[in-house]
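Peer 1: I am sharing entry-v2.cif, which consists of mmCIF, C-alpha atoms and all ligand atoms:
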```cif
data_query
#
loop_
_atom_site.label_atom_id
_atom_site.label_comp_id
_atom_site.auth_asym_id
_atom_site.auth_seq_id
_atom_site.Cartn_x
_atom_site.Cartn_y
_atom_site.Cartn_z
CA MET A 1 0.00 0.00 0.00
CA ILE A 2 1.10 3.54 -0.76
CA ASP A 3 -0.52 5.23 2.19
CA LEU A 4 -1.08 8.94 1.56
CA ARG A 5 -3.89 9.44 4.07
CA SER A 6 -1.65 11.29 6.51
CA ASP A 7 1.92 11.76 7.70
CA THR A 8 0.81 10.11 10.96
CA VAL A 9 1.05 6.65 9.38
CA THR A 10 4.87 6.35 9.41
CA LYS A 11 6.25 3.37 11.31
CA PRO A 12 9.25 3.79 13.66
CA THR A 13 12.61 3.17 11.99
CA PRO A 14 14.89 0.33 13.20
CA GLU A 15 17.05 3.04 14.82
CA MET A 16 14.03 4.38 16.71
CA ARG A 17 13.07 0.88 17.82
CA ALA A 18 16.63 0.30 19.08
CA ALA A 19 16.59 3.62 20.96
CA MET A 20 13.23 2.71 22.49
CA ALA A 21 14.51 -0.69 23.62
CA ALA A 22 17.59 0.89 25.20
CA ALA A 23 15.86 3.98 26.67
CA GLU A 24 16.77 4.99 30.20
CA VAL A 25 13.48 5.47 32.02
CA GLY A 26 12.05 6.60 35.35
CA ASP A 27 8.71 7.87 36.63
CA ASP A 28 7.94 10.93 34.55
CA VAL A 29 5.12 12.03 36.87
CA TYR A 30 7.86 12.46 39.51
CA GLY A 31 9.97 14.22 36.84
CA GLU A 32 12.40 11.31 36.97
CA ASP A 33 12.42 9.97 33.43
CA PRO A 34 15.84 11.01 32.07
CA THR A 35 14.80 10.45 28.45
CA ILE A 36 11.69 12.59 28.76
CA ASN A 37 13.63 15.24 30.66
CA ARG A 38 16.20 15.33 27.85
CA LEU A 39 13.47 15.48 25.20
CA GLU A 40 11.74 18.37 26.95
CA GLU A 41 15.03 20.23 27.50
CA ARG A 42 16.03 19.80 23.85
CA ALA A 43 12.62 20.95 22.62
CA ALA A 44 12.77 24.05 24.83
CA GLU A 45 16.33 24.74 23.61
CA ILE A 46 15.46 24.30 19.94
CA PHE A 47 12.42 26.60 20.21
CA GLU A 48 14.16 29.02 22.62
CA LYS A 49 11.25 28.79 25.04
CA GLU A 50 11.70 28.54 28.82
CA ALA A 51 10.17 25.09 29.12
CA ALA A 52 8.50 22.23 27.24
CA LEU A 53 6.23 19.32 28.06
CA PHE A 54 5.86 15.92 26.39
CA VAL A 55 2.18 15.12 25.79
CA ALA A 56 0.38 12.14 24.30
CA SER A 57 -0.83 13.87 21.14
CA GLY A 58 -1.25 17.12 19.27
CA THR A 59 -4.84 17.28 20.44
CA MET A 60 -3.78 16.97 24.08
CA GLY A 61 -1.15 19.71 23.66
CA ASN A 62 -3.61 22.02 21.94
CA GLN A 63 -6.37 21.46 24.46
CA ILE A 64 -4.07 22.02 27.43
CA ALA A 65 -3.00 25.29 25.77
CA VAL A 66 -6.63 26.41 25.42
CA LYS A 67 -7.24 25.50 29.06
CA VAL A 68 -4.23 27.37 30.46
CA HIS A 69 -4.67 30.50 28.32
CA THR A 70 -8.41 31.00 28.87
CA ARG A 71 -11.18 31.15 31.46
CA PRO A 72 -14.69 29.70 30.93
CA GLY A 73 -16.94 32.00 28.92
CA GLN A 74 -14.12 33.60 26.97
CA GLU A 75 -13.56 33.37 23.22
CA VAL A 76 -10.84 31.97 21.00
CA VAL A 77 -10.35 33.50 17.54
CA ALA A 78 -9.35 30.83 15.03
CA GLU A 79 -9.41 30.37 11.27
CA GLU A 80 -12.60 28.57 10.24
CA ARG A 81 -10.87 25.41 8.94
CA SER A 82 -8.48 25.09 11.87
CA HIS A 83 -7.91 21.68 13.45
CA VAL A 84 -8.76 22.88 16.95
CA PHE A 85 -12.17 24.13 15.85
CA ASN A 86 -13.11 21.29 13.51
CA PHE A 87 -11.37 18.10 14.55
CA GLU A 88 -10.90 18.05 18.30
CA LEU A 89 -14.47 16.91 19.01
CA GLY A 90 -15.63 20.05 20.79
CA MET A 91 -13.12 19.59 23.61
CA ALA A 92 -12.40 23.32 23.95
CA GLY A 93 -16.06 23.74 24.95
CA ILE A 94 -16.04 20.67 27.20
CA LEU A 95 -12.76 21.25 29.04
CA SER A 96 -12.29 25.00 28.90
CA GLY A 97 -15.84 26.31 28.49
CA VAL A 98 -14.80 28.64 25.68
CA THR A 99 -16.47 29.45 22.39
CA PHE A 100 -14.79 30.04 19.05
CA ARG A 101 -15.14 33.08 16.86
CA THR A 102 -13.93 31.92 13.48
CA VAL A 103 -12.42 34.07 10.75
CA GLN A 104 -11.64 33.44 7.11
CA SER A 105 -8.39 34.18 5.35
CA SER A 106 -9.28 36.10 2.21
CA ASP A 107 -6.40 34.53 0.26
CA GLY A 108 -7.62 31.00 1.09
CA SER A 109 -4.31 30.07 2.71
CA GLY A 110 -5.77 29.50 6.17
CA HIS A 111 -3.59 32.31 7.52
CA PRO A 112 -5.74 35.37 8.28
CA THR A 113 -4.19 38.81 8.34
CA TRP A 114 -4.15 40.89 11.52
CA ASP A 115 -6.98 42.99 10.04
CA GLU A 116 -9.09 39.86 9.55
CA ILE A 117 -8.33 38.68 13.08
CA SER A 118 -8.81 42.02 14.77
CA ALA A 119 -12.26 42.39 13.17
CA ALA A 120 -13.28 39.41 15.34
CA TYR A 121 -11.73 40.79 18.51
CA ARG A 122 -14.11 41.55 21.39
CA PRO A 123 -12.90 43.35 24.50
CA GLY A 124 -15.80 41.91 26.51
CA ASP A 125 -18.69 43.78 28.12
CA ASP A 126 -22.11 43.04 29.62
CA HIS A 127 -23.24 41.40 26.37
CA GLU A 128 -20.18 40.00 24.64
CA SER A 129 -17.54 37.51 25.76
CA ALA A 130 -13.97 38.73 25.76
CA THR A 131 -11.38 37.37 23.33
CA ALA A 132 -8.69 35.61 25.37
CA LEU A 133 -6.69 33.74 22.75
CA ILE A 134 -5.72 33.92 19.10
CA TRP A 135 -5.08 30.59 17.46
CA LEU A 136 -2.70 30.16 14.54
CA GLU A 137 -2.00 26.92 12.65
CA ASN A 138 1.35 26.55 10.86
CA THR A 139 1.41 24.75 8.49
CA HIS A 140 -2.32 24.91 7.89
CA ASN A 141 -3.61 21.39 7.37
CA MET A 142 -6.92 22.02 5.57
CA GLY A 143 -5.43 25.03 3.81
CA GLY A 144 -3.17 22.51 2.03
CA GLY A 145 -0.01 22.61 4.16
CA THR A 146 0.40 26.35 3.65
CA VAL A 147 3.07 28.25 5.56
CA MET A 148 2.56 31.35 7.70
CA ALA A 149 5.73 33.44 7.33
CA ALA A 150 7.67 34.55 10.40
CA ASP A 151 6.88 38.26 9.96
CA HIS A 152 3.15 37.50 9.53
CA SER A 153 2.98 35.59 12.81
CA ALA A 154 5.18 38.18 14.57
CA GLU A 155 2.80 40.97 13.50
CA ILE A 156 -0.22 39.09 14.85
CA CYS A 157 1.53 38.32 18.14
CA GLU A 158 2.67 41.92 18.64
CA ASN A 159 -0.80 43.31 18.00
CA ALA A 160 -2.47 40.64 20.16
CA HIS A 161 -0.13 41.36 23.05
CA LYS A 162 -0.94 45.07 22.84
CA LEU A 163 -4.56 44.04 23.47
CA GLY A 164 -3.52 41.72 26.30
CA ILE A 165 -4.42 38.55 24.35
CA CYS A 166 -2.29 35.40 24.15
CA VAL A 167 -1.35 33.64 20.92
CA HIS A 168 -0.94 29.88 20.55
CA ILE A 169 0.55 28.28 17.45
CA ASP A 170 -0.73 24.84 16.54
CA GLY A 171 2.55 23.88 14.93
CA ALA A 172 1.71 20.21 14.41
CA ARG A 173 3.84 20.59 11.24
CA ILE A 174 5.96 23.61 12.21
CA PHE A 175 9.17 21.92 11.03
CA ASN A 176 7.64 21.56 7.55
CA ALA A 177 6.89 25.29 7.68
CA ALA A 178 10.47 26.05 8.71
CA VAL A 179 11.98 23.95 5.92
CA ALA A 180 9.66 25.37 3.25
CA SER A 181 10.25 28.98 4.27
CA ALA A 182 13.97 28.56 4.96
CA SER A 183 13.43 29.94 8.44
CA SER A 184 14.00 28.43 11.86
CA VAL A 185 11.23 27.20 14.11
CA VAL A 186 12.40 29.94 16.50
CA ASP A 187 11.68 32.61 13.86
CA LEU A 188 8.23 31.15 13.23
CA THR A 189 7.23 30.94 16.90
CA ARG A 190 9.38 33.54 18.72
CA HIS A 191 6.58 35.91 19.70
CA ALA A 192 3.89 33.31 20.41
CA ASP A 193 2.98 32.53 24.01
CA SER A 194 2.93 28.81 23.32
CA VAL A 195 3.46 26.32 20.54
CA GLN A 196 2.49 22.70 20.08
CA PHE A 197 4.31 20.50 17.59
CA CYS A 198 3.90 16.83 16.73
CA LEU A 199 6.70 14.29 16.92
CA SER A 200 4.42 11.71 15.34
CA LYS A 201 3.67 13.40 12.01
CA GLY A 202 6.39 14.32 9.50
CA LEU A 203 9.09 13.79 12.12
CA GLY A 204 8.11 10.12 12.14
CA ALA A 205 8.04 9.20 15.85
CA PRO A 206 5.39 6.66 16.86
CA VAL A 207 3.80 8.75 19.64
CA GLY A 208 3.69 12.21 21.10
CA SER A 209 3.77 15.96 20.84
CA ILE A 210 5.52 18.79 22.62
CA LEU A 211 3.98 21.87 24.16
CA ALA A 212 6.45 24.72 24.73
CA GLY A 213 6.15 28.14 26.38
CA SER A 214 7.09 30.05 29.52
CA ALA A 215 8.07 28.15 32.68
CA LYS A 216 4.85 29.33 34.35
CA PHE A 217 2.69 28.18 31.41
CA ILE A 218 4.37 24.76 31.32
CA ALA A 219 4.05 24.30 35.10
CA GLU A 220 0.29 24.77 34.75
CA ALA A 221 0.20 22.65 31.62
CA ARG A 222 1.92 19.82 33.53
CA GLN A 223 -0.88 19.84 36.10
CA TRP A 224 -3.50 19.72 33.34
CA ARG A 225 -1.68 16.85 31.65
CA LYS A 226 -1.90 14.91 34.92
CA ARG A 227 -5.57 15.78 35.42
CA LEU A 228 -6.29 14.51 31.91
CA GLY A 229 -4.59 11.20 32.62
CA GLY A 230 -1.58 12.07 30.54
CA GLY A 231 1.04 11.31 33.20
CA MET A 232 2.62 8.39 31.40
CA ARG A 233 5.20 7.17 33.96
CA GLN A 234 8.06 5.38 32.08
CA ALA A 235 7.28 7.48 29.01
CA GLY A 236 10.95 7.49 27.98
CA ILE A 237 10.21 4.28 26.06
CA VAL A 238 8.33 6.35 23.48
CA GLY A 239 10.19 9.59 24.21
CA ALA A 240 13.44 7.99 22.99
CA ALA A 241 11.98 7.74 19.50
CA GLY A 242 10.70 11.31 19.82
CA LEU A 243 14.17 12.55 20.72
CA LEU A 244 15.67 10.90 17.63
CA ALA A 245 12.84 12.30 15.51
CA LEU A 246 13.46 15.79 16.84
CA GLU A 247 17.22 15.65 16.23
CA GLN A 248 17.28 13.92 12.87
CA SER A 249 14.00 14.23 11.00
CA PRO A 250 13.71 17.96 10.22
CA GLN A 251 16.65 17.65 7.77
CA ARG A 252 14.75 15.20 5.59
CA LEU A 253 11.36 16.94 5.39
CA GLY A 254 12.42 18.68 2.18
CA GLU A 255 12.27 15.28 0.42
CA ASP A 256 8.57 15.02 1.33
CA HIS A 257 8.00 18.50 -0.09
CA VAL A 258 9.69 17.57 -3.38
CA ASN A 259 7.53 14.44 -3.61
CA ALA A 260 4.40 16.49 -2.89
CA GLN A 261 5.36 19.00 -5.60
CA THR A 262 5.97 16.24 -8.17
CA LEU A 263 2.61 14.73 -7.26
CA ALA A 264 0.84 18.10 -7.55
CA VAL A 265 2.37 18.84 -10.97
CA GLY A 266 1.36 15.37 -12.20
CA LEU A 267 -2.19 15.75 -10.86
CA ALA A 268 -2.54 19.15 -12.52
CA HIS A 269 -2.13 17.42 -15.89
CA LEU A 270 -5.06 15.07 -15.29
CA ASP A 271 -8.43 15.95 -16.84
CA GLY A 272 -10.98 17.23 -14.36
CA ILE A 273 -8.55 17.65 -11.46
CA GLY A 274 -8.38 21.10 -9.93
CA ILE A 275 -5.06 21.98 -8.32
CA ASP A 276 -2.50 24.76 -8.56
CA PRO A 277 0.93 23.23 -7.79
CA GLU A 278 2.20 26.67 -6.83
CA HIS A 279 -0.04 26.52 -3.78
CA VAL A 280 1.57 23.28 -2.61
CA MET A 281 4.26 24.51 -0.25
CA THR A 282 4.95 21.49 1.97
CA ASN A 283 3.81 17.85 2.19
CA ILE A 284 0.03 18.21 1.84
CA VAL A 285 -1.63 18.01 -1.57
CA ILE A 286 -5.34 18.82 -1.74
CA PHE A 287 -7.15 18.69 -5.08
CA ASP A 288 -10.67 19.17 -6.34
CA VAL A 289 -12.30 16.29 -8.21
CA SER A 290 -15.62 17.94 -9.10
CA GLY A 291 -14.47 18.25 -12.73
CA THR A 292 -14.22 14.45 -13.05
CA ARG A 293 -17.16 12.13 -13.65
CA LYS A 294 -16.59 10.44 -10.30
CA THR A 295 -17.23 11.31 -6.68
CA ARG A 296 -14.44 11.75 -4.20
CA ALA A 297 -15.60 8.59 -2.36
CA ASP A 298 -15.56 6.54 -5.60
CA ILE A 299 -12.06 7.76 -6.48
CA CYS A 300 -10.68 6.96 -3.02
CA ARG A 301 -12.30 3.51 -3.07
CA GLU A 302 -11.00 2.70 -6.54
CA LEU A 303 -7.52 3.98 -5.68
CA GLN A 304 -7.49 1.47 -2.87
CA SER A 305 -7.83 -1.38 -5.36
CA HIS A 306 -4.65 0.02 -6.97
CA ASP A 307 -2.94 -0.12 -3.54
CA VAL A 308 -3.12 3.65 -2.98
CA LEU A 309 -4.77 5.13 0.10
CA ALA A 310 -6.00 8.73 0.21
CA SER A 311 -8.61 10.59 2.23
CA GLY A 312 -10.92 13.50 1.47
CA TRP A 313 -14.14 15.40 2.06
CA ASP A 314 -16.82 16.99 -0.15
CA HIS A 315 -15.20 17.25 -3.61
CA SER A 316 -11.61 17.25 -2.36
CA ILE A 317 -9.00 14.56 -1.95
CA ARG A 318 -5.98 14.98 0.33
CA MET A 319 -2.68 13.19 -0.20
CA VAL A 320 0.12 13.65 2.33
CA THR A 321 3.73 12.70 1.65
CA HIS A 322 5.96 11.43 4.45
CA ARG A 323 9.05 9.40 5.24
CA ASP A 324 7.53 6.10 4.07
CA ILE A 325 6.68 7.53 0.61
CA LEU A 326 9.54 7.22 -1.86
CA PRO A 327 10.06 9.29 -5.03
CA ASP A 328 9.32 6.14 -7.09
CA ASP A 329 5.87 5.91 -5.48
CA ILE A 330 4.71 9.15 -7.10
CA PRO A 331 4.55 7.88 -10.72
CA THR A 332 2.71 4.81 -9.38
CA VAL A 333 0.13 7.04 -7.67
CA LEU A 334 -0.31 9.14 -10.82
CA GLN A 335 -0.74 6.02 -12.94
CA ALA A 336 -3.36 4.73 -10.49
CA MET A 337 -5.18 8.09 -10.71
CA ARG A 338 -5.15 7.92 -14.53
CA GLN A 339 -6.62 4.42 -14.48
CA VAL A 340 -9.29 5.36 -11.95
CA LEU A 341 -10.32 8.49 -13.86
CA ASN A 342 -10.46 6.69 -17.21
C1 LIG B 1 -2.87 20.94 12.44
C2 LIG B 1 -3.10 19.82 13.38
N1 LIG B 1 -3.17 20.07 14.68
C3 LIG B 1 -3.36 19.10 15.59
C4 LIG B 1 -3.51 17.78 15.19
C5 LIG B 1 -3.77 16.73 16.23
O1 LIG B 1 -2.72 15.84 16.41
P1 LIG B 1 -2.99 14.39 17.04
O2 LIG B 1 -3.56 13.55 15.96
O3 LIG B 1 -1.63 13.96 17.49
O4 LIG B 1 -3.93 14.57 18.18
C6 LIG B 1 -3.45 17.47 13.83
C7 LIG B 1 -3.60 16.06 13.39
O5 LIG B 1 -3.75 15.77 12.23
C8 LIG B 1 -3.24 18.52 12.90
O6 LIG B 1 -3.20 18.29 11.59
#
```
Go ahead and express the file in the form of structure tokens.
Peer 2:
Amino acid sequence: MIDLRSDTVTKPTPEMRAAMAAAEVGDDVYGEDPTINRLEERAAEIFEKEAALFVASGTMGNQIAVKVHTRPGQEVVAEERSHVFNFELGMAGILSGVTFRTVQSSDGSGHPTWDEISAAYRPGDDHESATALIWLENTHNMGGGTVMAADHSAEICENAHKLGICVHIDGARIFNAAVASASSVVDLTRHADSVQFCLSKGLGAPVGSILAGSAKFIAEARQWRKRLGGGMRQAGIVGAAGLLALEQSPQRLGEDHVNAQTLAVGLAHLDGIGIDPEHVMTNIVIFDVSGTRKTRADICRELQSHDVLASGWDHSIRMVTHRDILPDDIPTVLQAMRQVLN
């Protein structure tokens, strides 16, 4: 199977498995797991934040961030297709008691301008809830892996801080953003109050995410992780793979971007497929199939019989490149698409 459903499907490398087997461990709830401590220290160092916390998933990191940055009844401003608003099963309402005020990005990238965000800002009064948090997503998943540039996010953070509002970056794929924009993850997240990034997506670790921010923020986040049942004891077993992923994987993400670009260019040549390869900046390729004679569900099902897995919604299909997709797989996928469409 050529599995393009997500970059979460990568399997741990033999090196990761060896590191996991040999990992030094302790009780992480007591702060005594040396591997997790090292992972958290390295993450904080790499992002130049005061502290970092290993969490079970991107969703857990995001939801803890919402919880720590807000109080019940407040609002979070987020782009309308953001993961936190659409795909975290309403947890921000359940756990934090907040509501979302969503905004669109006029250029379709998923990255609203400060003007678009500030139009949704509410200071709070007897009728309206106050905005407590601005939510950015870099890269933007449903926007097609688009990158928010460092100066764009810095401008939003500066303006938000002037209004006394925090900014969180859902950087599930922040290393893809850094590689594609030839910037560092520090540049992309410097002014944000917190950032979450996934070890288990493009970086290829089997489990886990990191939440990074100020020492005070992370101390509170650690308590929320425990309350949520995320104190994982000898977590160094999985953290060892995360540490390798963090040190070694960012360098190879460019290969995934090249594969995604080749795929996008090939798809653009197929009749009825709507895609502009110039909009494909990282490892996510989203294309419109409404110009074909088949539905998205039919295409995905038929691709499966050609040993290609993809996912989608409405009239769109999403294909995500990752470490387990090789350059030679791309012509195979394009050939499968041709056969399915004909
Ligand atoms: C942008 C973004 N944020 C957060 C998540 C959640 O990560 P996890 O699946 O580890 O909970 C995802 C997962 O696809 C994502 O794409």
Peer 1: Do you have, as CSV, the list of residues of chain A lying at most 6 Å from ligand LIG 1 (chain B), each with its nearest atom pair and that distance in Å to one decimal, counting all atoms listed in the file and ordered by chain then number?
Peer 2:
```
residue,atom,partner,partner_atom,distance
A:Ser57,CA,B:LIG1,O3,3.7
A:Gly58,CA,B:LIG1,O1,3.5
A:Thr59,CA,B:LIG1,O4,3.6
A:His83,CA,B:LIG1,N1,5.2
A:Asn141,CA,B:LIG1,C1,5.1
A:Asp170,CA,B:LIG1,N1,5.7
A:Ala172,CA,B:LIG1,N1,4.9
```
Peer 1: Which is closer to A:Ala52 than all the others in A:Arg318, A:Lys216, A:His269, A:His279, using all atoms listed in the file?
Peer 2: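 So, comparing all the options, the nearest one is A:Lys216.
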Peer 1: Go through A:Met319, A:Arg71, A:Ala43, A:Ser194 one by one, measure the shortest atom-to-atom distance of each to A:Asn259 using all atoms listed in the file, and give the residue with the smallest value.
Peer 2: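 Nearest to A:Asn259: A:Met319.
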Peer 1: Could you tell me how far atom CA of A:Asp33 lies from atom CA of A:Phe175, in Å and to one decimal?
Peer 2: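 About the pair atom CA of A:Asp33 and atom CA of A:Phe175: they are 25.6 Å apart.
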Peer 1: For A:Ala149, work out the shell of residues within 12 Å, counting only C-alpha atoms and skipping chain neighbours fewer than 3 positions away, then give it as JSON, numbers by chain.
Peer 2: {"A": [109, 111, 112, 113, 136, 137, 138, 139, 140, 146, 152, 153, 154, 155, 156, 174, 177, 178, 179, 180, 181, 182, 183, 184, 185, 186, 187, 188, 189, 190, 281]}
